[in-house]
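Structure file work-v8.txt with compact mmCIF, N, CA and C atoms:
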```
# COMPACT_ATOMS: atom_id res chain seq x y z
N MET T 9 -43.26 94.82 16.02
CA MET T 9 -41.84 95.04 15.81
C MET T 9 -41.09 93.75 16.13
N LEU T 10 -40.25 93.31 15.22
CA LEU T 10 -39.46 92.10 15.41
C LEU T 10 -38.10 92.47 15.98
N VAL T 11 -37.73 91.83 17.11
CA VAL T 11 -36.46 92.11 17.76
C VAL T 11 -35.61 90.85 17.68
N SER T 12 -34.36 91.01 17.31
CA SER T 12 -33.45 89.87 17.21
C SER T 12 -32.50 89.88 18.41
N ILE T 13 -32.44 88.74 19.11
CA ILE T 13 -31.53 88.60 20.25
C ILE T 13 -30.66 87.39 20.01
N ASN T 14 -29.36 87.56 20.11
CA ASN T 14 -28.43 86.46 19.94
C ASN T 14 -27.95 85.97 21.29
N PHE T 15 -27.84 84.65 21.46
CA PHE T 15 -27.28 84.07 22.67
C PHE T 15 -26.77 82.68 22.34
N GLN T 16 -25.93 82.15 23.22
CA GLN T 16 -25.37 80.82 23.03
C GLN T 16 -25.97 79.87 24.06
N ILE T 17 -26.23 78.66 23.63
CA ILE T 17 -26.71 77.61 24.52
C ILE T 17 -25.66 76.51 24.49
N ASP T 18 -25.13 76.15 25.67
CA ASP T 18 -24.13 75.09 25.73
C ASP T 18 -24.76 73.72 25.52
N ILE T 19 -25.82 73.43 26.26
CA ILE T 19 -26.50 72.14 26.16
C ILE T 19 -28.00 72.37 26.25
N ILE T 20 -28.75 71.72 25.38
CA ILE T 20 -30.21 71.75 25.48
C ILE T 20 -30.70 70.30 25.47
N ILE T 21 -31.54 69.98 26.44
CA ILE T 21 -32.12 68.65 26.56
C ILE T 21 -33.62 68.77 26.29
N LEU T 22 -34.08 68.06 25.28
CA LEU T 22 -35.49 68.08 24.91
C LEU T 22 -36.09 66.71 25.15
N THR T 23 -37.18 66.64 25.89
CA THR T 23 -37.92 65.41 26.09
C THR T 23 -39.39 65.73 25.86
N PRO T 24 -40.23 64.73 25.81
CA PRO T 24 -41.67 65.02 25.68
C PRO T 24 -42.24 65.75 26.90
N TYR T 25 -41.48 65.78 28.02
CA TYR T 25 -42.01 66.33 29.27
C TYR T 25 -41.40 67.67 29.68
N PHE T 26 -40.19 67.99 29.20
CA PHE T 26 -39.57 69.25 29.59
C PHE T 26 -38.46 69.63 28.61
N ILE T 27 -38.06 70.89 28.72
CA ILE T 27 -36.90 71.42 28.01
C ILE T 27 -35.95 71.95 29.07
N SER T 28 -34.68 71.56 28.99
CA SER T 28 -33.69 72.03 29.95
C SER T 28 -32.52 72.64 29.20
N ILE T 29 -32.15 73.86 29.57
CA ILE T 29 -31.00 74.54 28.98
C ILE T 29 -29.92 74.61 30.04
N LEU T 30 -28.71 74.12 29.72
CA LEU T 30 -27.61 74.09 30.67
C LEU T 30 -26.47 74.97 30.20
N GLU T 31 -25.92 75.71 31.11
CA GLU T 31 -24.74 76.54 30.88
C GLU T 31 -23.58 75.84 31.56
N VAL T 32 -22.53 75.57 30.82
CA VAL T 32 -21.38 74.85 31.35
C VAL T 32 -20.26 75.84 31.64
N LYS T 33 -19.71 75.75 32.85
CA LYS T 33 -18.60 76.60 33.26
C LYS T 33 -17.40 75.72 33.58
N ASN T 34 -16.22 76.18 33.26
CA ASN T 34 -15.00 75.45 33.58
C ASN T 34 -14.36 76.12 34.80
N ILE T 35 -14.95 75.88 35.96
CA ILE T 35 -14.50 76.51 37.20
C ILE T 35 -14.25 75.41 38.22
N SER T 36 -13.05 75.37 38.76
CA SER T 36 -12.74 74.35 39.76
C SER T 36 -12.86 74.92 41.16
N GLY T 37 -12.87 74.05 42.16
CA GLY T 37 -13.00 74.46 43.55
C GLY T 37 -14.41 74.23 44.04
N SER T 38 -14.71 74.75 45.22
CA SER T 38 -16.05 74.65 45.80
C SER T 38 -16.84 75.89 45.43
N LEU T 39 -18.07 75.70 44.98
CA LEU T 39 -18.91 76.82 44.55
C LEU T 39 -20.14 76.91 45.43
N TYR T 40 -20.55 78.15 45.72
CA TYR T 40 -21.85 78.37 46.36
C TYR T 40 -22.43 79.67 45.85
N PHE T 41 -23.74 79.77 45.94
CA PHE T 41 -24.45 80.95 45.46
C PHE T 41 -24.81 81.83 46.65
N ASN T 42 -24.35 83.07 46.61
CA ASN T 42 -24.61 84.03 47.66
C ASN T 42 -25.78 84.90 47.20
N SER T 43 -26.97 84.65 47.75
CA SER T 43 -28.16 85.38 47.31
C SER T 43 -28.20 86.81 47.83
N ILE T 44 -27.48 87.09 48.90
CA ILE T 44 -27.46 88.46 49.44
C ILE T 44 -26.71 89.39 48.49
N PHE T 45 -25.56 88.95 48.01
CA PHE T 45 -24.75 89.77 47.10
C PHE T 45 -24.95 89.38 45.64
N THR T 46 -25.89 88.48 45.36
CA THR T 46 -26.19 87.97 44.02
C THR T 46 -24.91 87.66 43.24
N GLN T 47 -24.15 86.73 43.82
CA GLN T 47 -22.94 86.29 43.14
C GLN T 47 -22.69 84.82 43.41
N MET T 48 -21.88 84.23 42.56
CA MET T 48 -21.41 82.87 42.76
C MET T 48 -19.99 83.00 43.33
N VAL T 49 -19.69 82.25 44.37
CA VAL T 49 -18.39 82.36 45.03
C VAL T 49 -17.65 81.04 44.90
N ARG T 50 -16.40 81.13 44.45
CA ARG T 50 -15.55 79.95 44.36
C ARG T 50 -14.53 80.01 45.49
N THR T 51 -14.34 78.88 46.17
CA THR T 51 -13.29 78.74 47.17
C THR T 51 -12.32 77.68 46.67
N ILE T 52 -11.06 78.07 46.54
CA ILE T 52 -10.02 77.14 46.11
C ILE T 52 -8.71 77.55 46.78
N GLU T 53 -8.06 76.59 47.39
CA GLU T 53 -6.81 76.83 48.11
C GLU T 53 -6.97 77.97 49.12
N ASP T 54 -8.06 77.94 49.88
CA ASP T 54 -8.36 78.92 50.93
C ASP T 54 -8.52 80.35 50.42
N LYS T 55 -8.78 80.53 49.13
CA LYS T 55 -9.03 81.85 48.55
C LYS T 55 -10.44 81.87 47.99
N GLU T 56 -11.15 82.98 48.22
CA GLU T 56 -12.50 83.14 47.67
C GLU T 56 -12.47 84.15 46.52
N GLU T 57 -13.25 83.84 45.50
CA GLU T 57 -13.36 84.73 44.34
C GLU T 57 -14.82 84.80 43.93
N GLY T 58 -15.32 86.01 43.71
CA GLY T 58 -16.71 86.20 43.32
C GLY T 58 -16.87 86.27 41.82
N PHE T 59 -17.98 85.71 41.33
CA PHE T 59 -18.35 85.75 39.92
C PHE T 59 -19.79 86.24 39.83
N PRO T 60 -20.19 86.80 38.69
CA PRO T 60 -21.60 87.17 38.53
C PRO T 60 -22.49 85.93 38.70
N ASP T 61 -23.63 86.10 39.33
CA ASP T 61 -24.56 85.01 39.58
C ASP T 61 -25.22 84.60 38.26
N PRO T 62 -24.99 83.36 37.78
CA PRO T 62 -25.61 82.97 36.51
C PRO T 62 -27.13 82.89 36.58
N VAL T 63 -27.69 82.63 37.75
CA VAL T 63 -29.15 82.61 37.89
C VAL T 63 -29.70 84.01 37.68
N LYS T 64 -29.07 85.01 38.27
CA LYS T 64 -29.49 86.40 38.09
C LYS T 64 -29.34 86.82 36.62
N GLN T 65 -28.26 86.37 35.98
CA GLN T 65 -28.05 86.72 34.58
C GLN T 65 -29.20 86.21 33.72
N VAL T 66 -29.66 84.99 33.98
CA VAL T 66 -30.77 84.43 33.20
C VAL T 66 -32.05 85.20 33.49
N LYS T 67 -32.30 85.51 34.77
CA LYS T 67 -33.53 86.23 35.13
C LYS T 67 -33.54 87.65 34.56
N ASP T 68 -32.36 88.27 34.44
CA ASP T 68 -32.27 89.64 33.93
C ASP T 68 -32.32 89.71 32.42
N LYS T 69 -32.15 88.57 31.72
CA LYS T 69 -32.17 88.56 30.27
C LYS T 69 -33.58 88.87 29.79
N PRO T 70 -33.73 89.91 28.94
CA PRO T 70 -35.08 90.25 28.47
C PRO T 70 -35.62 89.18 27.53
N ILE T 71 -36.92 88.92 27.64
CA ILE T 71 -37.60 87.98 26.75
C ILE T 71 -38.55 88.80 25.88
N ASN T 72 -38.36 88.70 24.61
CA ASN T 72 -39.22 89.46 23.68
C ASN T 72 -40.03 88.53 22.84
```
Structure re-expressed in structure tokens:
Amino acid sequence: MLVSINFQIDIIILTPYFISILEVKNISGSLYFNSIFTQMVRTIEDKEEGFPDPVKQVKDKPIN
């Protein structure tokens, strides 16, 4: 069975030694990854805001 999955790649770097796929975000402030709550946290002007963890998003993406 052939399954079609659509996704966007912001940047792909191909060399003879590796392939690297980069996701670009336009987020300012200080960022850190909270592995306990699986989220990315931005701190800007003494305020914290949580975002979905992009690492978890990639790991959860099904590969067919």
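By all atoms listed in the file, and with residues fewer than 2 positions from range 60-65 of chain T along its chain excluded, the set lying at most 7 Å from it is T:Thr46, T:Gln47, T:Met48, T:Gly58, T:Lys67, T:Asp68, T:Lys69.
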Item checked: Secondary structure check, strand (DSSP E or B) residues of chain T, as a PyMOL selection string -> chain T and resi 19-22+27-30+38-42+47-52+55-60
Show me a table, sorted first by chain and then by increasing residue number, of the residues of range 26-49 of chain T having an atom at most 6.5 Å from range 17-22 of chain T, each with its shortest atom pair and the distance in Å to one decimal, counting all atoms listed in the file and written as CSV.
```
residue,atom,partner,partner_atom,distance
T:Phe26,C,T:Leu22,CA,5.0
T:Ile27,CA,T:Ile21,C,4.6
T:Ser28,C,T:Ile21,N,4.0
T:Ile29,CA,T:Ile20,CA,4.5
T:Leu30,N,T:Ile19,C,4.0
T:Glu31,CA,T:Asp18,N,5.2
T:Val32,N,T:Asp18,CA,5.4
```
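Taking atom C of Tyr25 in chain T and atom N of Phe41 in chain T as the two end points, the separation is 26.9 Å.
Between CA of Phe59 in chain T and atom N of Gly37 in chain T there is a distance of 13.1 Å.
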Counting all atoms listed in the file, find the residues whose atoms lie at most 8 Å from (-17.0, 73.6, 43.1) (file coordinates) and write them out as a tab-separated table (two decimals) with N, CA and C atoms, keeping the file's coordinate frame.
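Full text of out-v1.tsv as output:
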```tsv
chain	number	residue	atom	x	y	z
T	35	ILE	N	-14.95	75.88	35.96
T	35	ILE	CA	-14.50	76.51	37.20
T	35	ILE	C	-14.25	75.41	38.22
T	36	SER	N	-13.05	75.37	38.76
T	36	SER	CA	-12.74	74.35	39.76
T	36	SER	C	-12.86	74.92	41.16
T	37	GLY	N	-12.87	74.05	42.16
T	37	GLY	CA	-13.00	74.46	43.55
T	37	GLY	C	-14.41	74.23	44.04
T	38	SER	N	-14.71	74.75	45.22
T	38	SER	CA	-16.05	74.65	45.80
T	38	SER	C	-16.84	75.89	45.43
T	39	LEU	N	-18.07	75.70	44.98
T	39	LEU	CA	-18.91	76.82	44.55
T	39	LEU	C	-20.14	76.91	45.43
T	40	TYR	N	-20.55	78.15	45.72
T	40	TYR	CA	-21.85	78.37	46.36
T	40	TYR	C	-22.43	79.67	45.85
T	49	VAL	N	-19.69	82.25	44.37
T	49	VAL	CA	-18.39	82.36	45.03
T	49	VAL	C	-17.65	81.04	44.90
T	50	ARG	N	-16.40	81.13	44.45
T	50	ARG	CA	-15.55	79.95	44.36
T	50	ARG	C	-14.53	80.01	45.49
T	51	THR	N	-14.34	78.88	46.17
T	51	THR	CA	-13.29	78.74	47.17
T	51	THR	C	-12.32	77.68	46.67
```
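Taking atom C of Asn42 in chain T and CA of Pro70 in chain T as the two end points, the separation is 21.6 Å.
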Using the atoms already present, construct N, CA, C and O atoms for range 55-68 of chain T and hand them back as a short mmCIF file (atom, residue, chain, number, x, y, z; two decimals), in the frame of the given file.
```
data_model
loop_
_atom_site.label_atom_id
_atom_site.label_comp_id
_atom_site.auth_asym_id
_atom_site.auth_seq_id
_atom_site.Cartn_x
_atom_site.Cartn_y
_atom_site.Cartn_z
N LYS T 55 -8.78 80.53 49.13
CA LYS T 55 -9.03 81.85 48.55
C LYS T 55 -10.44 81.87 47.99
O LYS T 55 -10.88 80.91 47.37
N GLU T 56 -11.15 82.98 48.22
CA GLU T 56 -12.50 83.14 47.67
C GLU T 56 -12.47 84.15 46.52
O GLU T 56 -11.77 85.15 46.59
N GLU T 57 -13.25 83.84 45.50
CA GLU T 57 -13.36 84.73 44.34
C GLU T 57 -14.82 84.80 43.93
O GLU T 57 -15.49 83.77 43.81
N GLY T 58 -15.32 86.01 43.71
CA GLY T 58 -16.71 86.20 43.32
C GLY T 58 -16.87 86.27 41.82
O GLY T 58 -16.02 86.80 41.11
N PHE T 59 -17.98 85.71 41.33
CA PHE T 59 -18.35 85.75 39.92
C PHE T 59 -19.79 86.24 39.83
O PHE T 59 -20.56 86.07 40.78
N PRO T 60 -20.19 86.80 38.69
CA PRO T 60 -21.60 87.17 38.53
C PRO T 60 -22.49 85.93 38.70
O PRO T 60 -22.12 84.83 38.29
N ASP T 61 -23.63 86.10 39.33
CA ASP T 61 -24.56 85.01 39.58
C ASP T 61 -25.22 84.60 38.26
O ASP T 61 -25.96 85.39 37.66
N PRO T 62 -24.99 83.36 37.78
CA PRO T 62 -25.61 82.97 36.51
C PRO T 62 -27.13 82.89 36.58
O PRO T 62 -27.80 83.11 35.57
N VAL T 63 -27.69 82.63 37.75
CA VAL T 63 -29.15 82.61 37.89
C VAL T 63 -29.70 84.01 37.68
O VAL T 63 -30.68 84.22 36.95
N LYS T 64 -29.07 85.01 38.27
CA LYS T 64 -29.49 86.40 38.09
C LYS T 64 -29.34 86.82 36.62
O LYS T 64 -30.18 87.54 36.08
N GLN T 65 -28.26 86.37 35.98
CA GLN T 65 -28.05 86.72 34.58
C GLN T 65 -29.20 86.21 33.72
O GLN T 65 -29.68 86.91 32.83
N VAL T 66 -29.66 84.99 33.98
CA VAL T 66 -30.77 84.43 33.20
C VAL T 66 -32.05 85.20 33.49
O VAL T 66 -32.81 85.55 32.57
N LYS T 67 -32.30 85.51 34.77
CA LYS T 67 -33.53 86.23 35.13
C LYS T 67 -33.54 87.65 34.56
O LYS T 67 -34.59 88.19 34.25
N ASP T 68 -32.36 88.27 34.44
CA ASP T 68 -32.27 89.64 33.93
C ASP T 68 -32.32 89.71 32.42
O ASP T 68 -32.49 90.78 31.85
#
```
